[in-house]
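**Q** What follows is the file input-v4.cif, containing mmCIF, C-alpha atoms:
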data_coords
#
loop_
_atom_site.group_PDB
_atom_site.id
_atom_site.type_symbol
_atom_site.label_atom_id
_atom_site.label_comp_id
_atom_site.auth_asym_id
_atom_site.auth_seq_id
_atom_site.Cartn_x
_atom_site.Cartn_y
_atom_site.Cartn_z
ATOM 1 C CA MET H 1337 99.360 65.006 68.618
ATOM 2 C CA GLU H 1338 103.060 64.431 68.116
ATOM 3 C CA THR H 1339 103.738 67.722 69.922
ATOM 4 C CA LEU H 1340 101.608 66.651 72.870
ATOM 5 C CA LEU H 1341 103.359 63.297 73.116
ATOM 6 C CA GLY H 1342 106.858 64.705 72.613
ATOM 7 C CA TYR H 1343 109.149 64.935 75.604
ATOM 8 C CA LEU H 1344 110.049 68.248 77.208
ATOM 9 C CA SER H 1345 113.287 69.256 78.868
ATOM 10 C CA GLU H 1346 113.684 70.828 82.282
ATOM 11 C CA GLN H 1347 115.087 73.958 80.614
ATOM 12 C CA GLU H 1348 111.994 74.252 78.395
ATOM 13 C CA LEU H 1349 109.648 74.022 81.382
ATOM 14 C CA LEU H 1350 111.601 76.581 83.391
ATOM 15 C CA GLY H 1351 111.755 78.828 80.326
ATOM 16 C CA TRP H 1352 107.976 78.650 79.928
ATOM 17 C CA GLU H 1353 107.552 79.496 83.630
ATOM 18 C CA VAL H 1354 109.698 82.625 83.336
ATOM 19 C CA TRP H 1355 108.079 83.677 80.050
ATOM 20 C CA ILE H 1356 104.552 83.272 81.426
ATOM 21 C CA ASP H 1357 105.343 84.991 84.723
ATOM 22 C CA ASP H 1358 107.216 87.985 83.299
ATOM 23 C CA GLY H 1359 105.206 88.341 80.114
ATOM 24 C CA PHE H 1360 101.900 88.243 81.898
ATOM 25 C CA PHE H 1361 102.999 90.863 84.423
ATOM 26 C CA LEU H 1362 103.410 93.309 81.532
ATOM 27 C CA LEU H 1363 99.984 92.327 80.198
ATOM 28 C CA ALA H 1364 98.462 92.757 83.668
ATOM 29 C CA MET H 1365 99.930 96.259 83.930
ATOM 30 C CA ALA H 1366 98.379 97.169 80.579
ATOM 31 C CA ILE H 1367 94.998 95.876 81.798
ATOM 32 C CA PHE H 1368 95.415 97.847 85.020
ATOM 33 C CA VAL H 1369 95.952 101.077 83.064
ATOM 34 C CA LEU H 1370 92.771 100.375 81.107
ATOM 35 C CA GLU H 1371 90.933 99.781 84.391
ATOM 36 C CA LEU H 1372 92.113 103.150 85.693
ATOM 37 C CA ILE H 1373 90.942 104.853 82.489
ATOM 38 C CA ARG H 1374 87.557 103.135 82.810
ATOM 39 C CA LEU H 1375 87.222 104.262 86.445
ATOM 40 C CA GLY H 1376 88.227 107.772 85.451
ATOM 41 C CA PHE H 1377 85.427 107.975 82.885
ATOM 42 C CA LYS H 1378 82.987 106.668 85.507
ATOM 43 C CA ARG H 1379 84.280 109.268 88.019
ATOM 44 C CA GLN H 1380 85.153 106.489 90.466
ATOM 45 C CA LEU H 1381 88.893 107.152 90.574
ATOM 46 C CA SER H 1382 90.198 108.696 93.804
ATOM 47 C CA TRP H 1383 93.517 109.494 95.452
ATOM 48 C CA ASN H 1384 92.787 106.852 98.078
ATOM 49 C CA MET H 1385 92.329 104.207 95.375
ATOM 50 C CA ALA H 1386 95.563 105.319 93.715
ATOM 51 C CA GLY H 1387 97.370 105.089 97.049
ATOM 52 C CA ASP H 1388 95.872 101.681 97.711
ATOM 53 C CA SER H 1389 97.060 100.452 94.294
ATOM 54 C CA LEU H 1390 100.569 101.751 94.946
ATOM 55 C CA THR H 1391 100.537 99.928 98.290
ATOM 56 C CA ASN H 1392 99.613 96.726 96.460
ATOM 57 C CA PHE H 1393 102.785 96.895 94.377
ATOM 58 C CA ILE H 1394 104.927 97.776 97.389
ATOM 59 C CA THR H 1395 103.684 94.647 99.187
ATOM 60 C CA LEU H 1396 104.572 92.714 96.024
ATOM 61 C CA ALA H 1397 108.130 94.061 96.182
ATOM 62 C CA ALA H 1398 108.411 93.174 99.873
ATOM 63 C CA PHE H 1399 107.055 89.694 99.186
ATOM 64 C CA ILE H 1400 109.578 89.150 96.380
ATOM 65 C CA VAL H 1401 112.461 90.199 98.646
ATOM 66 C CA LEU H 1402 111.333 87.872 101.431
ATOM 67 C CA SER H 1403 110.681 84.989 99.036
ATOM 68 C CA ALA H 1404 114.012 85.369 97.266
ATOM 69 C CA ALA H 1405 115.990 85.741 100.471
ATOM 70 C CA LEU H 1406 114.293 83.273 102.785
ATOM 71 C CA ILE H 1407 112.095 80.859 100.857
ATOM 72 C CA ALA H 1408 112.928 80.341 97.183
ATOM 73 C CA ALA H 1409 116.279 78.558 97.544
ATOM 74 C CA ALA H 1410 115.099 76.203 100.304
ATOM 75 C CA TYR H 1411 111.778 75.635 98.502
ATOM 76 C CA THR H 1412 113.485 74.688 95.243
ATOM 77 C CA GLY H 1413 116.126 72.555 96.925
ATOM 78 C CA LEU H 1414 113.549 70.614 98.905
ATOM 79 C CA PHE H 1415 111.471 69.857 95.794
ATOM 80 C CA TYR H 1416 114.463 68.518 93.869
ATOM 81 C CA TRP H 1417 115.670 66.493 96.874
ATOM 82 C CA VAL H 1418 112.261 64.843 97.357
ATOM 83 C CA TYR H 1419 111.930 64.202 93.619
ATOM 84 C CA THR H 1420 115.349 62.540 93.449
ATOM 85 C CA ASP H 1421 115.211 60.468 96.631
ATOM 86 C CA PHE H 1422 111.582 60.000 97.661
ATOM 87 C CA SER H 1423 109.262 60.189 94.636
ATOM 88 C CA LEU H 1424 107.143 57.088 93.980
ATOM 89 C CA THR H 1425 108.118 57.247 90.318
ATOM 90 C CA GLN H 1426 109.496 59.791 87.861
ATOM 91 C CA LEU H 1427 106.932 60.578 85.209
ATOM 92 C CA PRO H 1428 108.015 61.511 81.672
ATOM 93 C CA MET H 1429 107.958 65.218 80.917
ATOM 94 C CA SER H 1430 105.445 65.782 78.129
ATOM 95 C CA TRP H 1431 102.503 68.090 77.581
ATOM 96 C CA TRP H 1432 100.177 65.291 78.697
ATOM 97 C CA THR H 1433 101.870 65.072 82.084
ATOM 98 C CA VAL H 1434 101.910 68.882 82.250
ATOM 99 C CA LEU H 1435 98.123 68.820 81.783
ATOM 100 C CA GLY H 1436 97.725 66.202 84.533
ATOM 101 C CA CYS H 1437 100.043 68.154 86.807
ATOM 102 C CA LEU H 1438 98.089 71.369 86.148
ATOM 103 C CA ILE H 1439 94.797 69.777 87.189
ATOM 104 C CA LEU H 1440 96.337 68.394 90.380
ATOM 105 C CA ALA H 1441 98.147 71.685 91.068
ATOM 106 C CA ASP H 1442 94.809 73.464 90.750
ATOM 107 C CA LEU H 1443 93.280 71.053 93.263
ATOM 108 C CA ALA H 1444 96.262 71.561 95.584
ATOM 109 C CA TYR H 1445 95.787 75.328 95.278
ATOM 110 C CA TYR H 1446 92.141 74.981 96.321
ATOM 111 C CA TRP H 1447 93.119 73.259 99.572
ATOM 112 C CA GLU H 1448 96.032 75.621 100.199
ATOM 113 C CA HIS H 1449 93.722 78.587 99.691
ATOM 114 C CA ARG H 1450 91.085 77.084 101.963
ATOM 115 C CA PHE H 1451 93.757 76.480 104.626
ATOM 116 C CA LEU H 1452 94.843 80.125 104.473
ATOM 117 C CA HIS H 1453 91.277 81.214 105.232
ATOM 118 C CA ARG H 1454 90.497 78.661 107.918
ATOM 119 C CA VAL H 1455 93.697 78.558 110.014
ATOM 120 C CA GLY H 1456 94.841 81.519 112.102
ATOM 121 C CA ILE H 1457 98.479 81.655 111.041
ATOM 122 C CA GLY H 1458 97.495 81.237 107.396
ATOM 123 C CA TRP H 1459 94.985 84.064 107.614
ATOM 124 C CA ALA H 1460 97.604 86.294 109.280
ATOM 125 C CA THR H 1461 99.508 86.422 105.989
ATOM 126 C CA HIS H 1462 96.615 86.008 103.552
ATOM 127 C CA THR H 1463 94.504 88.770 105.124
ATOM 128 C CA VAL H 1464 96.862 91.235 103.425
ATOM 129 C CA HIS H 1465 95.527 90.162 100.032
ATOM 130 C CA HIS H 1466 91.928 90.639 101.146
ATOM 131 C CA SER H 1467 92.317 93.897 103.039
ATOM 132 C CA SER H 1468 91.888 96.256 100.071
ATOM 133 C CA PRO H 1469 88.427 97.862 99.865
ATOM 134 C CA TYR H 1470 88.887 97.965 96.072
ATOM 135 C CA PHE H 1471 88.967 95.255 93.424
ATOM 136 C CA ASN H 1472 91.219 95.624 90.409
ATOM 137 C CA ILE H 1473 94.222 93.955 88.793
ATOM 138 C CA SER H 1474 96.637 95.586 91.253
ATOM 139 C CA VAL H 1475 94.937 93.724 94.138
ATOM 140 C CA ALA H 1476 96.174 90.460 92.613
ATOM 141 C CA TYR H 1477 99.701 91.626 93.497
ATOM 142 C CA ARG H 1478 98.886 92.414 97.126
ATOM 143 C CA PHE H 1479 100.894 89.811 99.065
ATOM 144 C CA GLY H 1480 101.527 88.978 102.722
ATOM 145 C CA PRO H 1481 104.882 88.176 104.374
ATOM 146 C CA LEU H 1482 104.599 84.375 104.275
ATOM 147 C CA ASP H 1483 102.493 83.858 101.159
ATOM 148 C CA GLY H 1484 105.442 82.138 99.486
ATOM 149 C CA LEU H 1485 105.776 79.532 102.243
ATOM 150 C CA PHE H 1486 102.367 77.890 102.456
ATOM 151 C CA PRO H 1487 102.196 76.429 98.932
ATOM 152 C CA LEU H 1488 105.033 74.065 99.864
ATOM 153 C CA PRO H 1489 103.160 71.375 101.850
ATOM 154 C CA PHE H 1490 100.275 71.346 99.372
ATOM 155 C CA HIS H 1491 102.358 71.050 96.196
ATOM 156 C CA LEU H 1492 105.153 68.841 97.505
ATOM 157 C CA PRO H 1493 102.922 65.728 97.169
ATOM 158 C CA LEU H 1494 102.881 66.325 93.389
ATOM 159 C CA VAL H 1495 106.662 65.908 93.361
ATOM 160 C CA MET H 1496 106.320 62.762 95.473
ATOM 161 C CA LEU H 1497 103.888 61.388 92.870
ATOM 162 C CA GLY H 1498 106.609 61.774 90.247
ATOM 163 C CA PHE H 1499 106.024 65.130 88.582
ATOM 164 C CA HIS H 1500 109.304 66.922 87.903
ATOM 165 C CA PRO H 1501 109.797 70.036 90.105
ATOM 166 C CA ALA H 1502 110.137 72.259 87.034
ATOM 167 C CA MET H 1503 106.734 71.012 85.873
ATOM 168 C CA VAL H 1504 105.197 71.738 89.267
ATOM 169 C CA PHE H 1505 106.692 75.247 89.297
ATOM 170 C CA LEU H 1506 105.284 75.880 85.821
ATOM 171 C CA CYS H 1507 101.810 74.715 86.843
ATOM 172 C CA GLU H 1508 101.875 76.798 90.021
ATOM 173 C CA THR H 1509 102.724 79.825 87.885
ATOM 174 C CA VAL H 1510 99.883 79.123 85.444
ATOM 175 C CA VAL H 1511 97.372 78.898 88.316
ATOM 176 C CA GLN H 1512 98.623 82.150 89.829
ATOM 177 C CA VAL H 1513 98.623 83.949 86.480
ATOM 178 C CA TYR H 1514 95.069 82.813 85.772
ATOM 179 C CA GLN H 1515 94.014 84.150 89.186
ATOM 180 C CA THR H 1516 95.404 87.582 88.326
ATOM 181 C CA LEU H 1517 92.871 87.991 85.516
ATOM 182 C CA LEU H 1518 89.994 87.442 87.939
ATOM 183 C CA HIS H 1519 90.625 90.604 89.957
ATOM 184 C CA THR H 1520 88.391 92.992 88.035
ATOM 185 C CA GLU H 1521 84.947 94.547 88.097
ATOM 186 C CA ALA H 1522 85.136 95.358 84.392
ATOM 187 C CA VAL H 1523 83.956 91.871 83.409
ATOM 188 C CA GLY H 1524 80.436 90.796 84.290
ATOM 189 C CA LYS H 1525 79.142 87.252 84.341
ATOM 190 C CA LEU H 1526 80.309 85.030 81.511
ATOM 191 C CA PRO H 1527 78.153 82.441 79.640
ATOM 192 C CA ARG H 1528 76.656 79.795 81.925
ATOM 193 C CA PRO H 1529 78.810 76.875 80.714
ATOM 194 C CA VAL H 1530 81.928 78.913 81.506
ATOM 195 C CA GLU H 1531 80.614 79.994 84.921
ATOM 196 C CA ALA H 1532 79.718 76.365 85.685
ATOM 197 C CA VAL H 1533 83.231 75.003 85.175
ATOM 198 C CA MET H 1534 85.757 77.830 85.303
ATOM 199 C CA ASN H 1535 86.624 80.319 87.997
ATOM 200 C CA THR H 1536 85.569 83.757 86.724
ATOM 201 C CA PRO H 1537 85.748 87.392 87.871
ATOM 202 C CA SER H 1538 82.195 87.022 89.162
ATOM 203 C CA HIS H 1539 83.115 84.007 91.303
ATOM 204 C CA HIS H 1540 86.265 85.703 92.583
ATOM 205 C CA ARG H 1541 84.435 88.895 93.502
ATOM 206 C CA VAL H 1542 82.377 86.721 95.809
ATOM 207 C CA HIS H 1543 85.573 85.338 97.320
ATOM 208 C CA HIS H 1544 86.799 88.853 98.207
ATOM 209 C CA ALA H 1545 83.485 89.899 99.747
ATOM 210 C CA THR H 1546 82.682 90.658 103.376
ATOM 211 C CA ASN H 1547 78.952 89.995 102.809
ATOM 212 C CA ARG H 1548 77.925 87.318 105.292
ATOM 213 C CA GLN H 1549 76.575 84.864 102.696
ATOM 214 C CA TYR H 1550 79.813 85.135 100.700
ATOM 215 C CA LEU H 1551 82.293 84.479 103.522
ATOM 216 C CA ASP H 1552 84.722 81.569 102.975
ATOM 217 C CA LYS H 1553 83.435 80.809 99.504
ATOM 218 C CA ASN H 1554 84.989 80.226 96.062
ATOM 219 C CA TYR H 1555 88.562 79.214 96.902
ATOM 220 C CA ALA H 1556 89.194 77.887 93.389
ATOM 221 C CA GLY H 1557 92.176 78.705 91.231
ATOM 222 C CA ILE H 1558 91.224 77.824 87.656
ATOM 223 C CA LEU H 1559 88.350 75.335 87.983
ATOM 224 C CA ILE H 1560 85.343 76.337 90.097
ATOM 225 C CA ILE H 1561 84.277 72.685 90.114
ATOM 226 C CA TRP H 1562 86.381 72.155 93.281
ATOM 227 C CA ASP H 1563 84.150 74.563 95.212
ATOM 228 C CA ARG H 1564 81.054 72.918 93.817
ATOM 229 C CA MET H 1565 82.413 69.473 94.801
ATOM 230 C CA PHE H 1566 83.464 70.437 98.338
ATOM 231 C CA GLY H 1567 80.515 72.648 99.287
ATOM 232 C CA THR H 1568 82.178 76.074 99.266
ATOM 233 C CA PHE H 1569 80.542 77.598 96.192
ATOM 234 C CA ALA H 1570 78.446 80.781 96.191
ATOM 235 C CA LYS H 1571 76.973 82.651 93.233
ATOM 236 C CA GLU H 1572 77.328 86.419 92.915
ATOM 237 C CA GLU H 1573 73.850 87.772 93.571
ATOM 238 C CA GLU H 1574 73.884 90.936 95.681
ATOM 239 C CA PRO H 1575 76.489 93.735 95.331
ATOM 240 C CA VAL H 1576 79.854 92.858 96.850
ATOM 241 C CA ARG H 1577 81.479 94.766 99.718
ATOM 242 C CA TYR H 1578 85.260 94.250 99.578
ATOM 243 C CA GLY H 1579 87.871 94.152 102.301
ATOM 244 C CA VAL H 1580 88.206 92.520 105.695
ATOM 245 C CA PHE H 1581 86.406 92.965 108.988
ATOM 246 C CA PRO H 1582 87.357 95.033 110.837
ATOM 247 C CA ARG H 1583 88.792 97.282 108.110
ATOM 248 C CA ILE H 1584 92.376 98.416 108.515
ATOM 249 C CA ASN H 1585 91.610 101.840 106.951
ATOM 250 C CA SER H 1586 95.198 102.441 105.898
ATOM 251 C CA ILE H 1587 97.234 102.636 102.720
ATOM 252 C CA ASN H 1588 100.519 102.659 104.643
ATOM 253 C CA PRO H 1589 102.451 99.750 103.040
ATOM 254 C CA PHE H 1590 104.112 98.790 106.338
ATOM 255 C CA THR H 1591 100.759 98.689 108.141
ATOM 256 C CA VAL H 1592 99.109 96.728 105.327
ATOM 257 C CA PHE H 1593 101.945 94.210 104.996
ATOM 258 C CA PHE H 1594 102.227 93.351 108.690
ATOM 259 C CA HIS H 1595 98.768 94.017 110.108
ATOM 260 C CA GLY H 1596 97.716 90.350 109.991
ATOM 261 C CA PHE H 1597 100.610 89.168 112.130
ATOM 262 C CA THR H 1598 100.374 92.221 114.394
ATOM 263 C CA LYS H 1599 96.749 91.334 115.135
ATOM 264 C CA LEU H 1600 97.593 87.644 115.617
ATOM 265 C CA PHE H 1601 100.411 88.336 118.079
ATOM 266 C CA GLN H 1602 98.267 90.825 120.011
ATOM 267 C CA ARG H 1603 95.568 88.214 120.431
ATOM 268 C CA MET H 1604 98.077 85.581 121.506
ATOM 269 C CA TRP H 1605 99.675 87.962 124.024
ATOM 270 C CA GLN H 1606 96.313 88.910 125.536
ATOM 271 C CA ALA H 1607 95.044 85.315 125.703
ATOM 272 C CA ASP H 1608 93.859 83.976 129.047
ATOM 273 C CA SER H 1609 96.042 80.874 128.875
ATOM 274 C CA LEU H 1610 98.822 79.241 126.874
ATOM 275 C CA SER H 1611 96.262 76.833 125.436
ATOM 276 C CA GLN H 1612 94.064 79.664 124.195
ATOM 277 C CA SER H 1613 97.117 81.480 122.838
ATOM 278 C CA LEU H 1614 98.100 78.474 120.714
ATOM 279 C CA LYS H 1615 94.535 78.087 119.480
ATOM 280 C CA TYR H 1616 94.808 81.480 117.786
ATOM 281 C CA LEU H 1617 97.421 79.885 115.506
ATOM 282 C CA ILE H 1618 95.219 77.030 114.347
ATOM 283 C CA LYS H 1619 91.598 78.110 114.798
ATOM 284 C CA PRO H 1620 89.640 79.955 112.075
ATOM 285 C CA PRO H 1621 89.492 83.777 112.116
ATOM 286 C CA SER H 1622 85.795 83.533 113.038
ATOM 287 C CA TRP H 1623 86.765 81.753 116.278
ATOM 288 C CA ALA H 1624 89.221 84.546 117.148
ATOM 289 C CA TRP H 1625 86.528 87.152 116.495
ATOM 290 C CA GLU H 1626 84.073 85.260 118.732
ATOM 291 C CA GLN H 1627 86.665 85.195 121.524
ATOM 292 C CA GLU H 1628 87.023 88.967 121.274
ATOM 293 C CA GLN H 1629 83.262 89.446 121.433
ATOM 294 C CA LEU H 1630 83.065 87.136 124.459
ATOM 295 C CA LYS H 1631 85.753 89.147 126.287
ATOM 296 C CA ARG H 1632 83.916 92.395 125.540
ATOM 297 C CA ARG H 1633 80.647 90.998 126.915
ATOM 298 C CA GLN H 1634 82.387 89.720 130.047
ATOM 299 C CA SER H 1635 84.089 93.083 130.499
ATOM 300 C CA ALA H 1636 80.759 94.889 130.111
ATOM 301 C CA VAL H 1637 79.113 92.637 132.733
ATOM 302 C CA THR H 1638 81.999 93.233 135.149
ATOM 303 C CA GLU H 1639 81.812 97.008 134.712
ATOM 304 C CA SER H 1640 78.033 97.031 135.261
ATOM 305 C CA LYS H 1641 78.347 95.376 138.661
#
Can you dump the structure from the file as structure tokens?
**A**
Amino acid sequence: METLLGYLSEQELLGWEVWIDDGFFLLAMAIFVLELIRLGFKRQLSWNMAGDSLTNFITLAAFIVLSAALIAAAYTGLFYWVYTDFSLTQLPMSWWTVLGCLILADLAYYWEHRFLHRVGIGWATHTVHHSSPYFNISVAYRFGPLDGLFPLPFHLPLVMLGFHPAMVFLCETVVQVYQTLLHTEAVGKLPRPVEAVMNTPSHHRVHHATNRQYLDKNYAGILIIWDRMFGTFAKEEEPVRYGVFPRINSINPFTVFFHGFTKLFQRMWQADSLSQSLKYLIKPPSWAWEQEQLKRRQSAVTESK
């Protein structure tokens, strides 16, 4: 109890963030090797899967370069500026406040994740993560160009509430690290009490599915209760088909990394009006797909005349 109530320093929180992030990456790589061995025994390992996995890590490297060069410094500076000058209070740094911050960070992640799926410009970057037709630990490291930018507006309110930026960064890392473990087919359904409260590999397989009944479901980070509360939960019932629609059918890292924005800009360029062009930025991907189908039907009617 004394440990939980004891105060923490900024250096301790940042140290924990680095230790968790770097240490878990090594653990994830070990799990990935075991996954490959398992697939090899099941005769499900292919050169295309190996190439896809390599592409996942190349997108990770590109994401790190972009984040470090364009986002990280401004992101960090903004959080500390808001905390110093605009926070409602400045909460003590203890493990109790870390726990509270983690729960709120998990809730913030749910809404950030839902935004990325339901807004055109968000999906342009997040579609990279979903475009793999496979599902293994390496897919967790498949990032899009602007994936490091969108957490900012959803987690900045935590700093305004008085949580120290280092605490928020730590909690963001914990949520992301937990998510990494979910990208596997090697783990079936867990006991019902766990499946009822926690996000699990089963729930996250649903999230990566292209099956119609699974679309836009299970956005949770750590706690699946957010999806149950906000009406976006689906249980894994039928076999999952992974990827995006339409499939990109490529393991070229450049194609994979930029295909979401390439598709978005093509749609905006070919739009019938400036208003429609701007709607591609803010409307859900399903709306963009419906617009394409409408244009094809109109084109078919015109050609038949």
**Q** Could you give me, as a Markdown table, a per-residue list for segment 1407-1487 of chain H showing, wherever an atom lies at most 12 Å from an atom of segment 1498-1510 of chain H, the closest pair of atoms and their distance in Å to one decimal, using only C-alpha atoms and sorting by chain then residue number from low to high?
**A**
| residue | atom | partner | partner_atom | distance |
| --- | --- | --- | --- | --- |
| H:Ala1408 | CA | H:Phe1505 | CA | 11.3 |
| H:Tyr1411 | CA | H:Pro1501 | CA | 10.3 |
| H:Thr1412 | CA | H:Pro1501 | CA | 7.9 |
| H:Gly1413 | CA | H:Pro1501 | CA | 9.6 |
| H:Leu1414 | CA | H:Pro1501 | CA | 9.6 |
| H:Phe1415 | CA | H:Pro1501 | CA | 5.9 |
| H:Tyr1416 | CA | H:Pro1501 | CA | 6.2 |
| H:Trp1417 | CA | H:Pro1501 | CA | 9.6 |
| H:Val1418 | CA | H:Pro1501 | CA | 9.3 |
| H:Tyr1419 | CA | H:Gly1498 | CA | 6.8 |
| H:Thr1420 | CA | H:His1500 | CA | 9.3 |
| H:Asp1421 | CA | H:Gly1498 | CA | 10.8 |
| H:Phe1422 | CA | H:Gly1498 | CA | 9.1 |
| H:Ser1423 | CA | H:Gly1498 | CA | 5.4 |
| H:Leu1424 | CA | H:Gly1498 | CA | 6.0 |
| H:Thr1425 | CA | H:Gly1498 | CA | 4.8 |
| H:Gln1426 | CA | H:Gly1498 | CA | 4.2 |
| H:Leu1427 | CA | H:Gly1498 | CA | 5.2 |
| H:Pro1428 | CA | H:Phe1499 | CA | 8.1 |
| H:Met1429 | CA | H:His1500 | CA | 7.3 |
| H:Ser1430 | CA | H:Met1503 | CA | 9.4 |
| H:Trp1431 | CA | H:Met1503 | CA | 9.8 |
| H:Trp1432 | CA | H:Met1503 | CA | 11.3 |
| H:Thr1433 | CA | H:Phe1499 | CA | 7.7 |
| H:Val1434 | CA | H:Met1503 | CA | 6.4 |
| H:Leu1435 | CA | H:Cys1507 | CA | 8.6 |
| H:Gly1436 | CA | H:Phe1499 | CA | 9.3 |
| H:Cys1437 | CA | H:Val1504 | CA | 6.7 |
| H:Leu1438 | CA | H:Cys1507 | CA | 5.1 |
| H:Ile1439 | CA | H:Cys1507 | CA | 8.6 |
| H:Leu1440 | CA | H:Cys1507 | CA | 9.1 |
| H:Ala1441 | CA | H:Cys1507 | CA | 6.4 |
| H:Asp1442 | CA | H:Glu1508 | CA | 7.8 |
| H:Leu1443 | CA | H:Glu1508 | CA | 10.8 |
| H:Ala1444 | CA | H:Glu1508 | CA | 9.5 |
| H:Tyr1445 | CA | H:Glu1508 | CA | 8.2 |
| H:Tyr1446 | CA | H:Glu1508 | CA | 11.7 |
| H:Glu1448 | CA | H:Glu1508 | CA | 11.8 |
| H:Gly1484 | CA | H:Glu1508 | CA | 11.4 |
| H:Pro1487 | CA | H:Glu1508 | CA | 8.9 |
**Q** Which residue out of H:Ser1468, H:Leu1494, H:Ser1538, H:Ala1532 has the minimum interatomic distance to Met1565 of chain H when only C-alpha atoms are used?
**A**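 With only C-alpha atoms as the atom set, the closest residue is H:Ala1532.
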**Q** Within 12 Å of (108.3, 91.3, 99.2) (coordinates as in the file), grab all the protein and nucleic acid residues, counting all atoms listed in the file, and write them out as a ChimeraX atom specification.
**A** /H:1391-1407,1477-1484,1589-1590,1593-1594
**Q** Which of these residues is nearest to Arg1374 of chain H, using all atoms listed in the file: H:Asn1472, H:Asp1563, H:Gln1627, H:Phe1601?
**A**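 Of all the options, H:Asn1472 lies closest to Arg1374 of chain H.
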**Q** For a quick check of understanding, using only C-alpha atoms, which of H:Asn1554, H:Gln1602, H:Gln1629, H:Ser1609 has the smallest distance to Arg1450 of chain H?
**A** H:Asn1554
**Q** Considering all atoms listed in the file, state which residue in the set H:Glu1572, H:Leu1492, H:Ala1545, H:Ile1373 is at the smallest distance from Lys1525 of chain H.
**A**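 Checking each of H:Glu1572, H:Leu1492, H:Ala1545, H:Ile1373 against Lys1525 of chain H, counting all atoms listed in the file, the winner is H:Glu1572.
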**Q** Applying the PyMOL selection byres ((chain H and resi 1616-1618) around 10) to the file I just gave you, which residues come out? Please list them as a count of residues only.
**A** 24
**Q** Find the distance between atom CA of Met1534 of chain H and atom CA of Ile1560 of chain H and write it in Å to one decimal.
**A**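 Here the two named atoms are 5.0 Å from each other.
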**Q** Determine the residue set returned by the PyMOL selection byres ((chain H and resi 1581) around 10) for the present structure, and present it as an NGL selection string.
**A** :H and (1463 or 1466-1467 or 1546 or 1578-1580 or 1582-1584 or 1625)
**Q** Please indicate the distance in Å from atom CA of Pro1493 of chain H to atom CA of Thr1568 of chain H, rounded to one decimal place.
**A**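 About the pair atom CA of Pro1493 of chain H and atom CA of Thr1568 of chain H: they are 23.3 Å apart.
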**Q** Determine, counting all atoms listed in the file, which protein, DNA and RNA residues have an atom within 12 Å of an atom of Ala1570 of chain H; residues of the same chain fewer than 2 positions away are not included. Present the result as a PyMOL selection string.
**A** chain H and resi 1531-1532+1535+1538-1545+1547-1556+1560-1561+1563-1564+1566-1568+1572-1574
**Q** Could you tell me how far atom CA of Ser1586 of chain H sits from atom CA of Phe1471 of chain H, in Å to one decimal place?
**A**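 We find that atom CA of Phe1471 of chain H and atom CA of Ser1586 of chain H lie 15.7 Å from each other.
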**Q** Using all atoms listed in the file, which residue out of H:His1453, H:Tyr1514, H:Asn1588, H:Gly1596 lies closest to Asn1384 of chain H?
**A**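 Nearest candidate to Asn1384 of chain H out of H:His1453, H:Tyr1514, H:Asn1588, H:Gly1596: H:Asn1588.
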**Q** Looking at H:Val1533, H:Ile1473, H:Val1369, H:Met1496, which one is nearest to Glu1521 of chain H, with distances taken over all atoms listed in the file?
**A**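 When distances to Glu1521 of chain H are compared using all atoms listed in the file, the smallest one comes from H:Ile1473.
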**Q** Around all the atoms of segment 1455-1465 of chain H listed in the file, with 3 Å of room on each side, what axis-aligned box do you get, giving centre and edge lengths in Å to one decimal, as AutoDock Vina command-line options?
**A**
--center_x 96.6 --center_y 84.9 --center_z 106.1 --size_x 11.8 --size_y 18.7 --size_z 18.1
**Q** For segment 1528-1534 of chain H, supply N, CA, C and O atoms and format the output as a tab-separated table (two decimals), keeping the file's coordinate frame.
**A**
chain	number	residue	atom	x	y	z
H	1528	ARG	N	76.90	80.79	80.87
H	1528	ARG	CA	76.66	79.80	81.92
H	1528	ARG	C	77.59	78.60	81.89
H	1528	ARG	O	78.07	78.16	82.94
H	1529	PRO	N	77.88	78.02	80.72
H	1529	PRO	CA	78.81	76.88	80.71
H	1529	PRO	C	80.18	77.24	81.27
H	1529	PRO	O	80.83	76.42	81.94
H	1530	VAL	N	80.64	78.47	80.99
H	1530	VAL	CA	81.93	78.91	81.51
H	1530	VAL	C	81.85	79.10	83.02
H	1530	VAL	O	82.71	78.64	83.77
H	1531	GLU	N	80.80	79.76	83.48
H	1531	GLU	CA	80.61	79.99	84.92
H	1531	GLU	C	80.45	78.68	85.68
H	1531	GLU	O	80.80	78.60	86.86
H	1532	ALA	N	79.95	77.65	85.01
H	1532	ALA	CA	79.72	76.36	85.68
H	1532	ALA	C	81.01	75.61	85.94
H	1532	ALA	O	81.10	74.86	86.93
H	1533	VAL	N	82.00	75.80	85.10
H	1533	VAL	CA	83.23	75.00	85.18
H	1533	VAL	C	84.44	75.82	85.61
H	1533	VAL	O	85.24	75.36	86.43
H	1534	MET	N	84.56	77.03	85.08
H	1534	MET	CA	85.76	77.83	85.30
H	1534	MET	C	85.56	78.86	86.41
H	1534	MET	O	84.45	79.35	86.63
